[in-house]
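Student: A single structure is presented below for examination.
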Amino acid sequence: MEICRIFYQNFREHLDGVRIGGDKVYNVFDNQLPAALKRLQFDRQLSMENIRKLIIEADGYQPHLIAPEQGYRRLIESTLVTIRGPAEAAVDATHSILKDLVHKAMSETPQKRLSALLNEDPAIMERRSTLAKRLELYRSAQAEIDTVAWSK
């Protein structure tokens with residue numbers, strides 16, 4: 001049970017920003033997703049001209065029947081289809097980040113448990129923790145470099 005508590009604390013610290021990694025989740029939803037949605041050009045899709053056209057087509061070109069529900073439904077469906085790609089990309093990115101944070105929290109949990117069992121000197125524990133954080137930063141930077149290199 002103690003190991004679970006330590007893992008939960010480590011994972012939560014990553015998400016809350018005390019440790020490295022949690023800010024990446026916020027970056028996905030604060031920057032990447034809005035930027036992807038802006039590139040979709042909803043202005044054209046939600047313009048009055050396009051909405052009129054959809055409603056007229058939904059009426060079956062019969063001016064005496066006004067039933068815009070089908071047009072609204074088509075507009076909503078087309079908008080949902082349009083935002084599906086960026087939404088799925090945000091979910092995939094978040095999933096990847098969370099998996100990485102779980103692995104980091106899991107690796108930190110045995111380190112803490114091991115040092116407590118070994119009754120290690122606090123200075124040595126701090127040095128090992130600092131080195132582990134530097135290694136984590138290096139791996140994170142390497143992963144970002146690989147991502148940029150493969151995206152080109």
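Following the order of the structure tokens, chains are lettered A, B, ..., residues in each are numbered from 1, and ligands are numbered from 1.
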Identify, on the basis of only C-alpha atoms, every residue whose closest approach to region 44-52 of chain A does not exceed 12 Å; exclude the query and any residue fewer than 3 positions from it along the same chain; express the result as a PyMOL selection string.

Tutor: chain A and resi 38-41+55-59+61+66+68-83

Student: Just want the 12 Å neighbourhood of Leu15 (chain A), counted on only C-alpha atoms, with same-chain residues fewer than 3 positions away dropped. Output as number ranges by chain.

Tutor: A: 8-12, 18-26, 94, 97-102, 104-105

Student: According to DSSP computed on the backbone, where in chain A is there alpha helix (DSSP H)? Give the residues as number ranges by chain.

Tutor: A: 2-16, 22-27, 33-38, 42-45, 48-59, 69-118, 122-151

Student: Measure the distance from CA of Leu37 (chain A) to CA of Glu88 (chain A) in Å and round it to one decimal.

Tutor: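 Rounded to one decimal, the two atoms are 11.9 Å apart.
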
Student: By how many Å are CA of Cys4 (chain A) and CA of Thr109 (chain A) apart?

Tutor: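 Between these atoms lies a distance of 8.6 Å.
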
Student: So which residues touch Ala89 (chain A) within 10 Å, counting only C-alpha atoms, skipping near sequence neighbours fewer than 4 positions away, as a list in words?

Tutor: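 Contacts, with the query itself left out: Val28, Gln32, Leu33, Ala36, Arg84, Gly85, Ala93, Thr94 and His95 of chain A.
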
Student: Keeping only N, CA and C atoms, write the selected residues to a file as a compact mmCIF listing (two decimals), in the first residue's frame.

Tutor:
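Produced file part.txt, reproduced below:
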```
# COMPACT_ATOMS: atom_id res chain seq x y z
N VAL A 28 -0.78 20.80 -24.76
CA VAL A 28 -1.61 20.21 -25.82
C VAL A 28 -2.94 20.94 -25.92
N GLN A 32 -1.62 23.56 -28.72
CA GLN A 32 -1.69 22.74 -29.93
C GLN A 32 -3.11 22.59 -30.47
N LEU A 33 -4.05 22.22 -29.61
CA LEU A 33 -5.44 22.03 -30.07
C LEU A 33 -6.05 23.33 -30.59
N ALA A 36 -4.58 24.08 -34.01
CA ALA A 36 -5.10 23.17 -35.03
C ALA A 36 -6.53 23.55 -35.42
N ARG A 84 -12.77 16.46 -35.86
CA ARG A 84 -12.40 15.13 -35.36
C ARG A 84 -10.89 14.89 -35.42
N GLY A 85 -10.25 15.27 -36.51
CA GLY A 85 -8.81 15.06 -36.66
C GLY A 85 -7.99 15.73 -35.56
N ALA A 93 -1.86 12.63 -28.30
CA ALA A 93 -0.71 13.29 -27.68
C ALA A 93 -0.80 13.22 -26.16
N THR A 94 -2.00 13.46 -25.62
CA THR A 94 -2.19 13.39 -24.17
C THR A 94 -1.97 11.98 -23.66
N HIS A 95 -2.47 10.99 -24.39
CA HIS A 95 -2.28 9.59 -24.00
C HIS A 95 -0.79 9.25 -23.94
```

Student: Please determine, counting only C-alpha atoms, which residue among A:Ala143, A:Ala90, A:Met106, A:Met125 has the shortest atom-to-atom distance to Asn31 (chain A).

Tutor: A:Ala90

Student: What does the distance between CA of Ala35 (chain A) and CA of Asp92 (chain A) come to in Å, to one decimal place?

Tutor: 16.1 Å

Student: Fewer than 4 positions away in the same chain doesn't count, so skip those; otherwise give me all residues within 12 Å of Arg113 (chain A), counting only C-alpha atoms, as a list of chain:residue names.

Tutor: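 In the requested format, the answer is A:Glu2, A:Ile3, A:Cys4, A:Arg5, A:Ile6, A:Phe7, A:Met106, A:Ser107, A:Glu108, A:Thr109, A:Leu117, A:Leu118, A:Asn119, A:Glu120, A:Met125.
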